[in-house]
$ cat upload-v7.txt   # compact mmCIF, C-alpha atoms and all ligand atoms
# COMPACT_ATOMS: atom_id res chain seq x y z
CA MET A 1 16.14 13.36 -29.41
CA ALA A 2 16.01 11.54 -26.08
CA GLU A 3 13.16 9.20 -25.25
CA LEU A 4 11.83 7.57 -22.12
CA SER A 5 13.29 4.14 -21.43
CA PRO A 6 11.15 1.08 -22.21
CA LEU A 7 12.05 0.01 -18.67
CA LEU A 8 8.93 1.92 -17.69
CA LYS A 9 5.63 0.27 -18.51
CA GLN A 10 2.74 2.72 -18.43
CA ALA A 11 -0.82 1.53 -17.77
CA THR A 12 -2.43 4.23 -19.97
CA PRO A 13 -1.27 6.56 -22.77
CA VAL A 14 -2.55 9.64 -20.90
CA VAL A 15 -0.29 12.70 -20.67
CA VAL A 16 -1.50 14.85 -17.79
CA ASP A 17 -1.57 18.61 -17.76
CA HIS A 18 -3.04 19.16 -14.30
CA GLY A 19 -5.05 17.55 -11.55
CA GLU A 20 -7.81 18.72 -9.27
CA GLY A 21 -9.54 16.60 -6.63
CA VAL A 22 -10.46 13.23 -8.15
CA TYR A 23 -9.88 14.42 -11.71
CA LEU A 24 -6.86 14.51 -13.99
CA TYR A 25 -6.96 16.74 -17.08
CA ASP A 26 -4.83 15.67 -20.03
CA VAL A 27 -2.93 17.87 -22.48
CA ASP A 28 -5.88 17.68 -24.92
CA GLY A 29 -8.23 19.01 -22.28
CA LYS A 30 -10.00 15.69 -21.61
CA ARG A 31 -11.10 15.00 -18.03
CA HIS A 32 -10.35 11.62 -16.43
CA LEU A 33 -11.90 10.25 -13.26
CA ASP A 34 -8.79 9.13 -11.41
CA PHE A 35 -9.51 5.90 -9.52
CA THR A 36 -5.78 5.16 -9.23
CA ALA A 37 -4.75 8.17 -7.06
CA GLY A 38 -1.17 7.71 -8.24
CA ILE A 39 -1.24 4.15 -6.77
CA GLY A 40 -2.96 5.17 -3.56
CA VAL A 41 -0.94 8.32 -2.94
CA THR A 42 -3.07 11.42 -3.56
CA SER A 43 -5.56 10.66 -0.80
CA THR A 44 -6.46 14.32 -0.26
CA GLY A 45 -7.14 14.63 -4.00
CA HIS A 46 -4.89 16.18 -6.61
CA CYS A 47 -3.47 19.52 -5.50
CA HIS A 48 -5.63 20.00 -2.41
CA PRO A 49 -5.48 23.79 -1.75
CA ARG A 50 -4.31 23.35 1.86
CA VAL A 51 -1.50 20.99 0.83
CA VAL A 52 -0.48 23.31 -2.01
CA GLU A 53 -0.45 26.30 0.33
CA ALA A 54 1.63 24.49 2.98
CA ALA A 55 4.17 23.32 0.38
CA ARG A 56 4.39 26.77 -1.27
CA ASP A 57 4.88 28.42 2.07
CA GLN A 58 7.62 25.97 3.01
CA ILE A 59 9.46 26.28 -0.34
CA GLY A 60 9.98 29.97 0.38
CA LYS A 61 11.49 29.20 3.78
CA LEU A 62 13.60 26.07 3.39
CA ILE A 63 13.59 23.34 0.74
CA HIS A 64 16.32 21.02 1.94
CA GLY A 65 17.54 20.87 5.53
CA GLN A 66 19.38 17.50 5.45
CA TYR A 67 18.38 15.73 8.61
CA THR A 68 21.73 14.14 9.44
CA THR A 69 23.27 17.64 9.42
CA VAL A 70 20.55 19.92 10.84
CA MET A 71 16.98 19.50 12.04
CA HIS A 72 14.06 21.56 10.77
CA LYS A 73 10.62 22.58 12.01
CA PRO A 74 8.40 20.63 9.57
CA LEU A 75 10.08 17.34 10.54
CA LEU A 76 9.65 18.02 14.25
CA GLU A 77 6.04 19.13 13.75
CA LEU A 78 5.25 16.05 11.65
CA THR A 79 6.78 13.75 14.26
CA LYS A 80 4.59 15.33 16.93
CA ARG A 81 1.49 14.99 14.76
CA LEU A 82 2.19 11.39 13.79
CA GLY A 83 2.49 10.62 17.51
CA GLU A 84 -1.23 11.48 17.77
CA VAL A 85 -2.29 8.90 15.17
CA LEU A 86 0.22 6.06 15.53
CA PRO A 87 -0.61 2.99 17.62
CA THR A 88 0.18 3.47 21.33
CA GLY A 89 3.81 2.82 22.09
CA LEU A 90 5.11 3.40 18.56
CA ASP A 91 6.62 6.72 19.52
CA SER A 92 9.92 6.74 17.62
CA LEU A 93 10.13 7.70 13.95
CA PHE A 94 12.70 7.46 11.19
CA TYR A 95 12.09 9.02 7.76
CA ALA A 96 13.08 8.13 4.19
CA ASN A 97 11.68 8.87 0.72
CA SER A 98 9.89 5.82 -0.68
CA GLY A 99 8.03 2.76 0.51
CA SER A 100 10.91 0.50 -0.53
CA GLU A 101 13.33 2.49 1.61
CA ALA A 102 10.98 2.19 4.58
CA VAL A 103 10.93 -1.58 4.06
CA GLU A 104 14.72 -1.68 3.97
CA ALA A 105 14.96 0.52 7.05
CA ALA A 106 12.68 -1.85 8.97
CA LEU A 107 14.66 -4.86 7.74
CA ARG A 108 17.89 -3.32 9.00
CA LEU A 109 16.28 -2.37 12.30
CA ALA A 110 14.84 -5.88 12.85
CA ARG A 111 18.12 -7.62 12.02
CA GLN A 112 20.20 -5.29 14.18
CA ALA A 113 17.75 -5.41 17.09
CA THR A 114 17.35 -9.21 17.14
CA GLN A 115 20.78 -10.20 15.83
CA ARG A 116 18.93 -12.76 13.68
CA PRO A 117 19.38 -13.21 9.91
CA ASN A 118 16.01 -14.26 8.49
CA VAL A 119 12.70 -12.61 7.73
CA ILE A 120 9.39 -14.22 6.84
CA VAL A 121 7.09 -12.62 4.28
CA PHE A 122 3.62 -13.73 3.18
CA GLN A 123 2.89 -14.91 -0.33
CA GLY A 124 1.31 -12.23 -2.49
CA GLY A 125 2.88 -9.41 -0.47
CA PHE A 126 4.43 -6.43 -2.24
CA HIS A 127 7.16 -4.50 -0.45
CA GLY A 128 8.99 -2.64 -3.23
CA ARG A 129 11.49 -2.72 -6.06
CA THR A 130 14.93 -2.18 -4.54
CA VAL A 131 16.74 -5.51 -4.51
CA ALA A 132 16.09 -6.27 -0.84
CA ALA A 133 12.46 -5.15 -1.08
CA ALA A 134 12.03 -7.05 -4.37
CA THR A 135 13.38 -10.17 -2.66
CA MET A 136 10.67 -9.72 -0.05
CA THR A 137 8.04 -9.15 -2.75
CA THR A 138 6.00 -12.20 -3.78
CA SER A 139 3.06 -10.55 -5.55
CA GLY A 140 4.47 -11.48 -8.96
CA THR A 141 7.76 -12.77 -10.37
CA ARG A 142 7.78 -9.75 -12.72
CA PHE A 143 9.27 -7.71 -9.87
CA SER A 144 12.31 -9.97 -9.35
CA THR A 145 12.94 -11.74 -12.67
CA GLY A 146 16.43 -11.25 -14.07
CA ILE A 147 17.82 -9.26 -11.17
CA GLY A 148 19.14 -12.14 -9.05
CA PRO A 149 20.88 -13.38 -7.09
CA LEU A 150 18.37 -11.96 -4.66
CA MET A 151 19.12 -11.25 -1.02
CA GLY A 152 19.45 -14.25 1.30
CA GLY A 153 17.45 -14.87 4.44
CA VAL A 154 13.94 -14.26 3.08
CA HIS A 155 11.39 -17.06 3.50
CA VAL A 156 7.81 -17.15 2.28
CA ALA A 157 4.75 -18.40 4.15
CA PRO A 158 1.18 -18.50 2.76
CA PHE A 159 -1.27 -15.59 3.13
CA PRO A 160 -4.94 -16.53 3.73
CA TYR A 161 -6.08 -15.78 0.17
CA ALA A 162 -9.25 -17.84 0.44
CA TYR A 163 -10.52 -17.27 -3.11
CA HIS A 164 -7.20 -18.39 -4.61
CA TYR A 165 -7.20 -21.62 -2.63
CA GLY A 166 -10.90 -22.19 -3.23
CA TRP A 167 -11.52 -22.45 0.52
CA ASP A 168 -13.45 -20.47 3.07
CA GLU A 169 -11.51 -17.86 5.03
CA GLN A 170 -11.22 -19.94 8.20
CA THR A 171 -9.74 -22.91 6.35
CA ALA A 172 -7.29 -20.66 4.48
CA THR A 173 -6.26 -19.02 7.76
CA LYS A 174 -5.71 -22.31 9.57
CA PHE A 175 -3.64 -23.51 6.60
CA ALA A 176 -1.54 -20.32 6.55
CA LEU A 177 -0.73 -20.52 10.28
CA ARG A 178 -0.01 -24.25 10.14
CA GLU A 179 2.39 -23.70 7.22
CA LEU A 180 4.09 -20.89 9.16
CA ASP A 181 4.71 -23.28 12.05
CA TYR A 182 5.96 -25.89 9.57
CA LEU A 183 8.34 -23.27 8.10
CA PHE A 184 9.68 -22.67 11.62
CA GLN A 185 10.37 -26.41 11.93
CA THR A 186 11.78 -26.98 8.45
CA VAL A 187 13.33 -23.79 7.08
CA SER A 188 13.83 -20.90 9.53
CA ALA A 189 13.84 -21.65 13.26
CA PRO A 190 12.18 -18.92 15.35
CA SER A 191 15.57 -18.24 16.95
CA GLU A 192 16.88 -17.37 13.46
CA THR A 193 13.86 -15.26 12.49
CA ALA A 194 14.13 -11.49 12.95
CA ALA A 195 10.78 -10.32 11.60
CA PHE A 196 7.47 -10.93 9.90
CA PHE A 197 6.63 -8.44 7.16
CA VAL A 198 2.94 -8.40 6.31
CA GLU A 199 0.39 -6.14 4.62
CA PRO A 200 -2.99 -5.72 6.38
CA ILE A 201 -4.50 -6.14 2.91
CA LEU A 202 -2.48 -7.44 -0.01
CA GLY A 203 -2.18 -4.45 -2.35
CA GLU A 204 -0.28 -5.27 -5.51
CA GLY A 205 -1.06 -8.93 -4.72
CA GLY A 206 -4.75 -8.49 -5.52
CA TYR A 207 -6.56 -6.50 -2.81
CA VAL A 208 -6.98 -9.42 -0.42
CA PRO A 209 -7.74 -8.38 3.18
CA ALA A 210 -6.01 -10.23 6.02
CA ASN A 211 -8.21 -11.20 8.96
CA SER A 212 -8.17 -11.00 12.75
CA GLU A 213 -7.38 -14.67 13.37
CA PHE A 214 -4.41 -14.64 10.99
CA LEU A 215 -2.87 -11.44 12.35
CA ALA A 216 -3.53 -12.53 15.96
CA GLY A 217 -1.68 -15.74 15.06
CA LEU A 218 1.30 -13.71 13.84
CA ARG A 219 1.17 -11.46 16.93
CA GLU A 220 1.12 -14.48 19.27
CA ARG A 221 4.07 -16.16 17.51
CA ALA A 222 6.02 -12.88 17.38
CA ASP A 223 5.54 -12.44 21.14
CA ARG A 224 6.40 -16.05 21.91
CA HIS A 225 9.63 -16.03 19.90
CA GLY A 226 10.82 -12.42 20.12
CA ILE A 227 10.14 -11.80 16.42
CA VAL A 228 9.46 -8.24 15.24
CA LEU A 229 5.99 -7.87 13.68
CA VAL A 230 6.22 -5.32 10.86
CA LEU A 231 2.97 -4.06 9.32
CA ASP A 232 3.50 -2.63 5.85
CA GLU A 233 0.89 0.15 5.84
CA VAL A 234 2.43 1.86 2.80
CA GLN A 235 -0.72 1.40 0.70
CA ALA A 236 -3.33 0.78 3.42
CA GLY A 237 -2.45 3.51 5.92
CA PHE A 238 -3.75 7.06 6.44
CA GLY A 239 -7.45 6.28 6.24
CA ARG A 240 -7.41 4.39 2.95
CA THR A 241 -9.27 1.36 4.35
CA GLY A 242 -11.93 3.31 6.25
CA LYS A 243 -9.97 3.12 9.52
CA PHE A 244 -6.81 5.11 10.12
CA TRP A 245 -4.56 2.04 9.83
CA GLY A 246 -5.35 -1.08 7.87
CA HIS A 247 -4.51 -3.22 10.90
CA ASP A 248 -7.11 -1.30 12.99
CA HIS A 249 -9.67 -3.62 11.37
CA PHE A 250 -8.05 -6.63 13.00
CA GLY A 251 -7.39 -5.68 16.61
CA ILE A 252 -3.63 -6.18 16.78
CA THR A 253 -0.74 -3.87 17.66
CA PRO A 254 2.36 -4.15 15.47
CA ASP A 255 5.96 -3.59 16.57
CA VAL A 256 6.81 -1.54 13.48
CA VAL A 257 4.55 0.36 11.08
CA LEU A 258 5.76 1.34 7.60
CA ILE A 259 4.35 4.57 6.18
CA ALA A 260 4.58 6.28 2.75
CA LYS A 261 2.13 6.98 -0.12
CA GLY A 262 -0.92 8.68 1.52
CA LEU A 263 1.33 10.36 4.10
CA ALA A 264 2.27 13.42 2.03
CA SER A 265 -0.32 13.73 -0.78
CA GLY A 266 2.26 13.02 -3.50
CA PHE A 267 5.45 14.51 -2.11
CA PRO A 268 8.10 11.81 -1.66
CA LEU A 269 8.18 10.85 2.00
CA SER A 270 8.18 7.59 3.92
CA GLY A 271 9.05 6.38 7.36
CA ILE A 272 9.04 3.68 9.98
CA ALA A 273 7.54 3.93 13.45
CA ALA A 274 8.51 1.70 16.37
CA SER A 275 8.92 1.94 20.14
CA GLN A 276 11.86 3.91 21.55
CA GLU A 277 13.02 0.64 23.10
CA LEU A 278 13.19 -1.22 19.77
CA MET A 279 14.75 1.71 17.88
CA ALA A 280 17.40 1.98 20.60
CA LYS A 281 18.62 -1.50 19.67
CA ALA A 282 19.68 -0.37 16.17
CA TYR A 283 23.20 0.90 15.68
CA PRO A 284 23.13 4.71 16.02
CA GLY A 285 23.92 6.41 12.75
CA SER A 286 23.46 3.22 10.73
CA GLN A 287 20.54 4.68 8.79
CA GLY A 288 20.08 7.99 7.03
CA GLY A 289 20.09 9.40 3.51
CA THR A 290 20.51 12.67 1.68
CA TYR A 291 16.85 13.48 1.10
CA GLY A 292 14.98 11.67 3.90
CA GLY A 293 12.45 13.80 5.76
CA ASN A 294 12.52 16.58 3.15
CA ALA A 295 11.21 19.88 4.55
CA VAL A 296 8.60 20.49 1.82
CA SER A 297 7.40 16.87 1.98
CA CYS A 298 7.06 17.13 5.77
CA ALA A 299 5.10 20.41 5.53
CA ALA A 300 2.80 18.75 2.96
CA ALA A 301 2.40 15.76 5.29
CA VAL A 302 1.34 17.97 8.20
CA ALA A 303 -1.24 19.63 5.93
CA THR A 304 -2.35 16.17 4.75
CA LEU A 305 -2.99 15.11 8.36
CA ASP A 306 -4.98 18.34 8.90
CA VAL A 307 -7.13 17.64 5.83
CA ILE A 308 -7.70 13.98 6.80
CA ARG A 309 -8.91 15.14 10.24
CA ASP A 310 -10.88 18.26 9.24
CA GLU A 311 -12.61 16.74 6.22
CA LYS A 312 -13.27 13.44 8.03
CA LEU A 313 -11.62 11.49 5.23
CA VAL A 314 -11.35 8.26 7.22
CA GLU A 315 -15.12 8.26 7.71
CA ASN A 316 -15.62 9.19 4.05
CA ALA A 317 -13.37 6.32 2.95
CA ALA A 318 -15.52 3.91 4.98
CA GLU A 319 -18.81 5.21 3.55
CA ARG A 320 -17.71 5.64 -0.05
CA GLY A 321 -15.85 2.33 0.21
CA ARG A 322 -19.10 0.57 1.14
CA GLN A 323 -20.87 2.25 -1.78
CA LEU A 324 -18.10 1.27 -4.20
CA LEU A 325 -17.88 -2.33 -2.98
CA GLU A 326 -21.64 -2.82 -3.10
CA GLY A 327 -21.86 -1.25 -6.56
CA ALA A 328 -18.99 -3.33 -7.92
CA ARG A 329 -20.59 -6.48 -6.45
CA LEU A 330 -23.91 -5.72 -8.15
CA ILE A 331 -22.06 -5.46 -11.47
CA ALA A 332 -20.22 -8.72 -10.71
CA ASP A 333 -23.50 -10.51 -9.93
CA LYS A 334 -24.50 -10.05 -13.56
CA THR A 335 -21.08 -11.16 -14.87
CA PRO A 336 -19.94 -14.81 -14.83
CA ALA A 337 -16.39 -13.67 -15.81
CA ILE A 338 -15.99 -12.02 -12.40
CA GLY A 339 -14.97 -14.48 -9.71
CA GLU A 340 -14.85 -12.23 -6.68
CA VAL A 341 -15.12 -8.59 -5.62
CA ARG A 342 -13.43 -7.75 -2.31
CA GLY A 343 -11.76 -4.94 -0.46
CA LEU A 344 -11.48 -2.72 2.57
CA GLY A 345 -12.61 0.91 2.42
CA LEU A 346 -11.42 2.58 -0.77
CA LEU A 347 -9.35 -0.40 -1.89
CA VAL A 348 -11.74 -2.41 -4.05
CA GLY A 349 -10.64 -5.23 -6.35
CA THR A 350 -12.57 -7.13 -9.02
CA GLU A 351 -10.99 -10.50 -9.86
CA PHE A 352 -11.64 -11.88 -13.35
CA THR A 353 -11.79 -15.67 -13.68
CA ALA A 354 -12.29 -17.74 -16.85
CA ALA A 355 -15.02 -20.37 -17.12
CA ASP A 356 -12.48 -23.12 -16.31
CA GLY A 357 -11.56 -21.37 -13.05
CA THR A 358 -8.19 -20.03 -14.24
CA PRO A 359 -7.21 -16.36 -13.82
CA ASP A 360 -8.52 -14.24 -16.73
CA THR A 361 -5.74 -11.74 -17.38
CA ALA A 362 -6.95 -10.77 -20.85
CA THR A 363 -10.42 -9.67 -19.77
CA ALA A 364 -9.00 -7.68 -16.84
CA ALA A 365 -6.59 -5.92 -19.22
CA ALA A 366 -9.37 -5.20 -21.71
CA ALA A 367 -11.56 -3.78 -18.93
CA GLN A 368 -8.79 -1.55 -17.63
CA GLN A 369 -7.94 -0.26 -21.12
CA THR A 370 -11.57 0.29 -22.11
CA ALA A 371 -12.26 2.13 -18.86
CA ALA A 372 -9.31 4.44 -19.57
CA LYS A 373 -10.74 5.24 -23.02
CA ASN A 374 -14.07 6.02 -21.35
CA GLY A 375 -12.60 8.48 -18.88
CA LEU A 376 -12.07 6.20 -15.85
CA LEU A 377 -8.47 5.51 -14.86
CA LEU A 378 -7.93 2.15 -13.14
CA LEU A 379 -5.04 -0.23 -12.53
CA THR A 380 -4.70 -3.99 -12.43
CA CYS A 381 -3.02 -6.05 -9.72
CA GLY A 382 -2.67 -9.66 -8.57
CA ALA A 383 -0.10 -12.32 -9.47
CA TYR A 384 -1.82 -12.82 -12.83
CA SER A 385 -2.74 -9.14 -13.28
CA ASN A 386 -6.35 -10.33 -13.40
CA VAL A 387 -7.68 -8.07 -10.64
CA VAL A 388 -8.88 -4.59 -11.57
CA ARG A 389 -8.50 -2.27 -8.63
CA MET A 390 -10.22 0.92 -7.64
CA VAL A 391 -8.26 3.20 -5.35
CA PRO A 392 -9.68 6.72 -5.66
CA PRO A 393 -8.63 9.75 -3.59
CA LEU A 394 -10.30 9.70 -0.15
CA VAL A 395 -12.09 12.98 -1.00
CA VAL A 396 -14.25 11.18 -3.58
CA ASN A 397 -17.99 11.93 -3.16
CA ALA A 398 -21.08 9.77 -3.65
CA GLU A 399 -21.83 11.20 -7.10
CA GLN A 400 -18.31 10.55 -8.33
CA VAL A 401 -18.49 6.95 -7.07
CA ASP A 402 -21.78 6.57 -8.97
CA ASP A 403 -20.16 8.04 -12.11
CA ALA A 404 -17.30 5.54 -11.85
CA LEU A 405 -19.69 2.62 -11.27
CA LYS A 406 -21.76 3.64 -14.29
CA ILE A 407 -18.67 3.65 -16.52
CA TRP A 408 -17.42 0.41 -14.92
CA GLY A 409 -20.76 -1.36 -15.45
CA ASP A 410 -20.79 -0.41 -19.16
CA VAL A 411 -17.11 -1.41 -19.54
CA VAL A 412 -17.62 -4.81 -17.92
CA ALA A 413 -20.71 -5.45 -20.05
CA SER A 414 -18.82 -4.56 -23.24
CA VAL A 415 -15.65 -6.60 -22.55
CA THR A 416 -17.52 -9.70 -21.39
CA ALA A 417 -20.30 -9.61 -24.03
N1 LIG A 501 4.81 -1.55 0.28
C1 LIG A 501 3.58 -1.55 -0.24
C2 LIG A 501 2.47 -2.22 0.51
C3 LIG A 501 3.33 -0.92 -1.46
O1 LIG A 501 2.08 -0.93 -1.99
C4 LIG A 501 4.39 -0.28 -2.14
C5 LIG A 501 4.17 0.43 -3.47
N2 LIG A 501 3.16 -0.02 -4.27
C6 LIG A 501 5.67 -0.32 -1.56
C7 LIG A 501 5.85 -0.95 -0.35
C8 LIG A 501 6.85 0.31 -2.24
O2 LIG A 501 6.73 1.68 -2.26
P1 LIG A 501 7.61 2.57 -3.28
O3 LIG A 501 7.11 2.30 -4.65
O4 LIG A 501 7.37 3.98 -2.81
O5 LIG A 501 9.03 2.16 -3.11

$ encode --input "upload-v7.txt" --output "structure tokens" --more "lines below"
Ligand code: PMP
Amino acid sequence: MAELSPLLKQATPVVVDHGEGVYLYDVDGKRHLDFTAGIGVTSTGHCHPRVVEAARDQIGKLIHGQYTTVMHKPLLELTKRLGEVLPTGLDSLFYANSGSEAVEAALRLARQATQRPNVIVFQGGFHGRTVAAATMTTSGTRFSTGIGPLMGGVHVAPFPYAYHYGWDEQTATKFALRELDYLFQTVSAPSETAAFFVEPILGEGGYVPANSEFLAGLRERADRHGIVLVLDEVQAGFGRTGKFWGHDHFGITPDVVLIAKGLASGFPLSGIAASQELMAKAYPGSQGGTYGGNAVSCAAAVATLDVIRDEKLVENAAERGRQLLEGARLIADKTPAIGEVRGLGLLVGTEFTAADGTPDTATAAAAQQTAAKNGLLLLTCGAYSNVVRMVPPLVVNAEQVDDALKIWGDVVASVTA
């Protein structure tokens, strides 16, 4: 009998039968409050009727069009619709299947367009698991251990993770920008640097929001040196943070936006958006793929955009995000083992810290496991896996947030008693 490979590490033992809204139902009929949303994917909730209908309808018409051979209607419609929500000027789209592929596509674009070899990433960033994307990932060595030699030309600058450094945000930001300038002088000259890749809020790295001063600093340096500023919105995009794009919180305009996860409610689809001018500098035909821009995924993505707009999910993410953050902070106030609670919209992280100030991985793991037993699915993140994150579907309502906070409060009390 075949078995699943131990290569996969599963956060819970749950075997799901079906999902509906913010709930997953397992094969024994137990209901779980899903505050993982498939790692920030099922933003419209599990099996939203409008997404299901759009996908069903499309399956009967065309499943696979193959976009380097023929074009199809859902891809053209999605491109038009994304044009309405993307930052001004980012009017050219390329599609792939996963976040990692979007990262690689942007890397290729930036190198071809600038004719420069290096990219700079920011410590704690997660960009994926393919070898290039894993090279660019610095949220934990677990993603790159044993697979080297990694790709050349990737250099790492600090991210303003104030709590980690034990500084206030302004000090951490000044440090991060000063170290970036030092990196330019000592490791990768601006004239050798093709791109910055940055998340508007570190996701896998521990739910650490960037800030306006830091991103303005990157924008200014990118403009000054002709470096491509790539915002990885794979986890933060499509309303997740309470604004349509994570970077909307910080008043900057990127050169490239990476999209995946929340784009298609669970169907595999990703993409990169840039200006026509930048895209025109890539070598025509140098990117593609068998499955990119799948017709059913695109139809589901169009329906996802409809649901986000019609159900005001961006606004809901902002309101429910505030409720969740405040509730999680009240629980933390009573708990010395919690060092910080932070987030943006419906990305809320609780960082566990031991009495001596070191990361408390064990308590975070116990909390996540106990929550799962009590019907609340959560994940951990952070370099030390000591941050428990809440990332529910954007359709979550006030009562469901209260239910989750009630379970979370009891869990935290029991694992820290
Ligand atoms: N970028 C970010 C910010 C992500 O959060 C992820 C996935 N967690 C990826 C890229 C990689 O996406 P995928 O797993 O679809 O390759």

$ atom_distance --input "upload-v7.txt" --atom1 "atom O4 of ligand LIG 501 (chain A)" --atom2 "atom CA of A:Ser100"
5.5 Å

$ residues_near_point --input "upload-v7.txt" --point "(-3.3, -12.8, 9.9)" --cutoff "9 Å" --atoms "only C-alpha atoms" --output "VMD selection string"
chain A and resid 159 to 160 173 176 to 177 198 200 210 to 219 250

$ closest_residue --input "upload-v7.txt" --among "A:Leu86, A:Leu75, A:Ala133, A:Leu33" --to "A:Leu405" --atoms "only C-alpha atoms"
A:Leu33

$ closest_residue --input "upload-v7.txt" --among "A:Gly60, A:Gly205, A:Gly153, A:Gly45" --to "ligand LIG 501 (chain A)" --atoms "all atoms listed in the file"
A:Gly205

$ atom_distance --input "upload-v7.txt" --atom1 "atom CA of A:Arg129" --atom2 "atom C6 of ligand LIG 501 (chain A)"
7.7 Å

$ build_atoms --input "upload-v7.txt" --residues "stretch 139-159 of chain A" --atoms "N, CA and C atoms" --output "PDB file, in the frame of the given file"
ATOM      1  N   SER A 139       4.348 -10.794  -4.897  1.00  0.00           N
ATOM      2  CA  SER A 139       3.060 -10.550  -5.550  1.00  0.00           C
ATOM      3  C   SER A 139       3.123 -10.871  -7.028  1.00  0.00           C
ATOM      4  N   GLY A 140       4.334 -11.139  -7.547  1.00  0.00           N
ATOM      5  CA  GLY A 140       4.470 -11.480  -8.960  1.00  0.00           C
ATOM      6  C   GLY A 140       5.951 -11.582  -9.282  1.00  0.00           C
ATOM      7  N   THR A 141       6.331 -12.597 -10.062  1.00  0.00           N
ATOM      8  CA  THR A 141       7.760 -12.770 -10.370  1.00  0.00           C
ATOM      9  C   THR A 141       8.268 -11.624 -11.258  1.00  0.00           C
ATOM     10  N   ARG A 142       7.341 -10.850 -11.860  1.00  0.00           N
ATOM     11  CA  ARG A 142       7.780  -9.750 -12.720  1.00  0.00           C
ATOM     12  C   ARG A 142       8.635  -8.729 -11.969  1.00  0.00           C
ATOM     13  N   PHE A 143       8.499  -8.698 -10.640  1.00  0.00           N
ATOM     14  CA  PHE A 143       9.270  -7.710  -9.870  1.00  0.00           C
ATOM     15  C   PHE A 143      10.681  -8.187  -9.528  1.00  0.00           C
ATOM     16  N   SER A 144      10.985  -9.465  -9.732  1.00  0.00           N
ATOM     17  CA  SER A 144      12.310  -9.970  -9.350  1.00  0.00           C
ATOM     18  C   SER A 144      13.009 -10.749 -10.456  1.00  0.00           C
ATOM     19  N   THR A 145      12.339 -10.949 -11.596  1.00  0.00           N
ATOM     20  CA  THR A 145      12.940 -11.740 -12.670  1.00  0.00           C
ATOM     21  C   THR A 145      14.159 -11.021 -13.264  1.00  0.00           C
ATOM     22  N   GLY A 146      15.246 -11.771 -13.383  1.00  0.00           N
ATOM     23  CA  GLY A 146      16.430 -11.250 -14.070  1.00  0.00           C
ATOM     24  C   GLY A 146      17.302 -10.331 -13.250  1.00  0.00           C
ATOM     25  N   ILE A 147      16.996 -10.164 -11.974  1.00  0.00           N
ATOM     26  CA  ILE A 147      17.820  -9.260 -11.170  1.00  0.00           C
ATOM     27  C   ILE A 147      18.606 -10.006 -10.092  1.00  0.00           C
ATOM     28  N   GLY A 148      18.478 -11.342 -10.087  1.00  0.00           N
ATOM     29  CA  GLY A 148      19.140 -12.140  -9.050  1.00  0.00           C
ATOM     30  C   GLY A 148      20.643 -12.189  -9.237  1.00  0.00           C
ATOM     31  N   PRO A 149      21.404 -12.742  -8.294  1.00  0.00           N
ATOM     32  CA  PRO A 149      20.880 -13.380  -7.090  1.00  0.00           C
ATOM     33  C   PRO A 149      20.243 -12.378  -6.123  1.00  0.00           C
ATOM     34  N   LEU A 150      19.087 -12.808  -5.609  1.00  0.00           N
ATOM     35  CA  LEU A 150      18.370 -11.960  -4.660  1.00  0.00           C
ATOM     36  C   LEU A 150      19.025 -12.072  -3.285  1.00  0.00           C
ATOM     37  N   MET A 151      18.556 -11.253  -2.369  1.00  0.00           N
ATOM     38  CA  MET A 151      19.120 -11.250  -1.020  1.00  0.00           C
ATOM     39  C   MET A 151      18.801 -12.574  -0.300  1.00  0.00           C
ATOM     40  N   GLY A 152      19.717 -13.046   0.516  1.00  0.00           N
ATOM     41  CA  GLY A 152      19.450 -14.250   1.300  1.00  0.00           C
ATOM     42  C   GLY A 152      18.598 -13.946   2.516  1.00  0.00           C
ATOM     43  N   GLY A 153      18.121 -15.012   3.140  1.00  0.00           N
ATOM     44  CA  GLY A 153      17.450 -14.870   4.440  1.00  0.00           C
ATOM     45  C   GLY A 153      15.986 -14.488   4.375  1.00  0.00           C
ATOM     46  N   VAL A 154      15.372 -14.590   3.171  1.00  0.00           N
ATOM     47  CA  VAL A 154      13.940 -14.260   3.080  1.00  0.00           C
ATOM     48  C   VAL A 154      13.157 -15.555   2.819  1.00  0.00           C
ATOM     49  N   HIS A 155      12.186 -15.845   3.660  1.00  0.00           N
ATOM     50  CA  HIS A 155      11.390 -17.060   3.500  1.00  0.00           C
ATOM     51  C   HIS A 155       9.919 -16.684   3.390  1.00  0.00           C
ATOM     52  N   VAL A 156       9.186 -17.509   2.642  1.00  0.00           N
ATOM     53  CA  VAL A 156       7.810 -17.150   2.280  1.00  0.00           C
ATOM     54  C   VAL A 156       6.816 -18.119   2.889  1.00  0.00           C
ATOM     55  N   ALA A 157       5.845 -17.585   3.599  1.00  0.00           N
ATOM     56  CA  ALA A 157       4.750 -18.400   4.150  1.00  0.00           C
ATOM     57  C   ALA A 157       3.449 -17.982   3.444  1.00  0.00           C
ATOM     58  N   PRO A 158       2.431 -18.852   3.458  1.00  0.00           N
ATOM     59  CA  PRO A 158       1.180 -18.500   2.760  1.00  0.00           C
ATOM     60  C   PRO A 158       0.436 -17.348   3.451  1.00  0.00           C
ATOM     61  N   PHE A 159      -0.335 -16.628   2.656  1.00  0.00           N
ATOM     62  CA  PHE A 159      -1.270 -15.590   3.130  1.00  0.00           C
ATOM     63  C   PHE A 159      -2.677 -16.195   2.960  1.00  0.00           C
TER      64      PHE A 159
END
